[in-house]
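Report on the structure given below.
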Amino acid sequence: MLVMIDSLKRSPSCWTPAQRAHNRRVIIASLAYVAALLPVVYVVRHGLVTDGWRIPLALLPAMPVAFMFGSYARYLSEEKDEYVRMLVVNQILVATTVSMVCAVFWGFLTDLGGAPPIATYWIAVLWIAVQGVSACIARIRGA
Amino acid sequence: MNNRLKVLRAERNWSQNDLAERLDVSRQSVNAIETGKYDPSLPLAFRIAELFGLTIEEVFESPSRRRSGAI
């Protein structure tokens with residue numbers, strides 16, 4: 001997910017150099033994710049791979065997503081604008097809190113409450129979504 | 001934390017963008033500092049004061065001194 005600080009109104013040229021670098025990395029990772037996901041899903045669902053290839057193929061779409069999360073860490077170390085960095089850290093804290101709480105709640109609901117299990121990558125999806133919403137709220141509040 | 005940033009900037013006819021460029025921060029940061037939403041770090045506060053040729057105390061109002069009514 002792109003760093004969404006002020007992104008609703010700011011042109012790309014107004015982003016900090018660290019934000020531009022992070023956004024570039026995220027776009028590349030997203031393209032790699034789509035490029036990997038579609039063929040992997042196709043070959044696995046159609047049973048076109050042997051068992052030995054299933055694990056490496058299953059991990060292939062995960063790599064760009066892992067790279068995306070690594071990009072956040074790199075972004076935070078590269079961002080020179082302390083106020084913008086503080087806003088992003090706050091968004092990450094909100095996203096982490098919400099996703100971890102949801103993960104724990106759903107974990108107990110699955111184990112003890114009879115809820116259906118869901119793939120754990122949804123935690124990452126939730127994290128990214130909450131981070132985006134948090135950035136939008138910060139923008140609306142005039143941060 | 002109250003400060004005189006807006007006044008000092010206006011005296012020099014600088015926009016928030018101008019000041020942001022001189023400080024090497026975003027316009028968003030300048031706005032947040034001016035409106036008191038964000039207190040800058042000590043290094044940034046020094047950079048701001050030095051840009052205007054003033055001391056930190058001449059730009060930023062000490063919250064503790066404000067509470068005690070000294071300012």
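Chain lettering (A, B, ...) mirrors the order of the structure tokens, residue numbering begins at 1 for each chain separately, and ligand numbering begins at 1 in order of display.
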*Write down, as a list in words, each residue of chain A that has any atom within 9 Å of an atom of chain B, counting only C-alpha atoms.*
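Close enough to count are Asp6, Cys14, Trp15, Thr16, Lys80, Asp81, Glu82, Tyr83, Val84, Gly142 and Ala143 of chain A.
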I need the chosen residues saved as a PDB file, in the first residue's frame, with C-alpha atoms.
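Saved the output as again.pdb:
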ATOM      1  CA  ASP A   6      -1.783  13.697   2.243  1.00  0.00           C
ATOM      2  CA  CYS A  14       4.860  16.956  -3.441  1.00  0.00           C
ATOM      3  CA  TRP A  15       5.768  13.637  -1.833  1.00  0.00           C
ATOM      4  CA  THR A  16       8.964  13.421   0.146  1.00  0.00           C
ATOM      5  CA  LYS A  80      13.815  12.617   6.869  1.00  0.00           C
ATOM      6  CA  ASP A  81      10.620  14.590   7.479  1.00  0.00           C
ATOM      7  CA  GLU A  82       9.967  13.928  11.143  1.00  0.00           C
ATOM      8  CA  TYR A  83       6.323  15.043  11.102  1.00  0.00           C
ATOM      9  CA  VAL A  84       5.418  12.874   8.107  1.00  0.00           C
ATOM     10  CA  GLY A 142      -6.222  18.044   8.695  1.00  0.00           C
ATOM     11  CA  ALA A 143      -3.062  16.291   9.830  1.00  0.00           C
TER      12      ALA A 143
END
_Using DSSP secondary structure from the backbone, list all helix (DSSP H, G or I) positions within chain A, as an MDAnalysis selection string._
chainID A and resid 12:14 17:45 51:59 62:78 82:112 121:140
*Report the distance between CA of Gln16 (chain B) and CA of Ile48 (chain B) in Å, rounded to one decimal place.*
12.8 Å
*Which residues come within 12 Å of Ile92 (chain A), counting only C-alpha atoms, excluding same-chain residues fewer than 4 positions away, as a list in words?*
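Close residues of Ile92 (chain A): Met1, Val3, Met4, Ile5, Phe69, Tyr72, Ala73, Leu76, Arg85, Met86, Leu87, Val88, Thr96, Thr97, Val98, Ser99, Met100, Leu126, Trp127, Ile128, Ala129, Val130, Gln131, Gly132, Val133, Ser134 and Ala135 of chain A.
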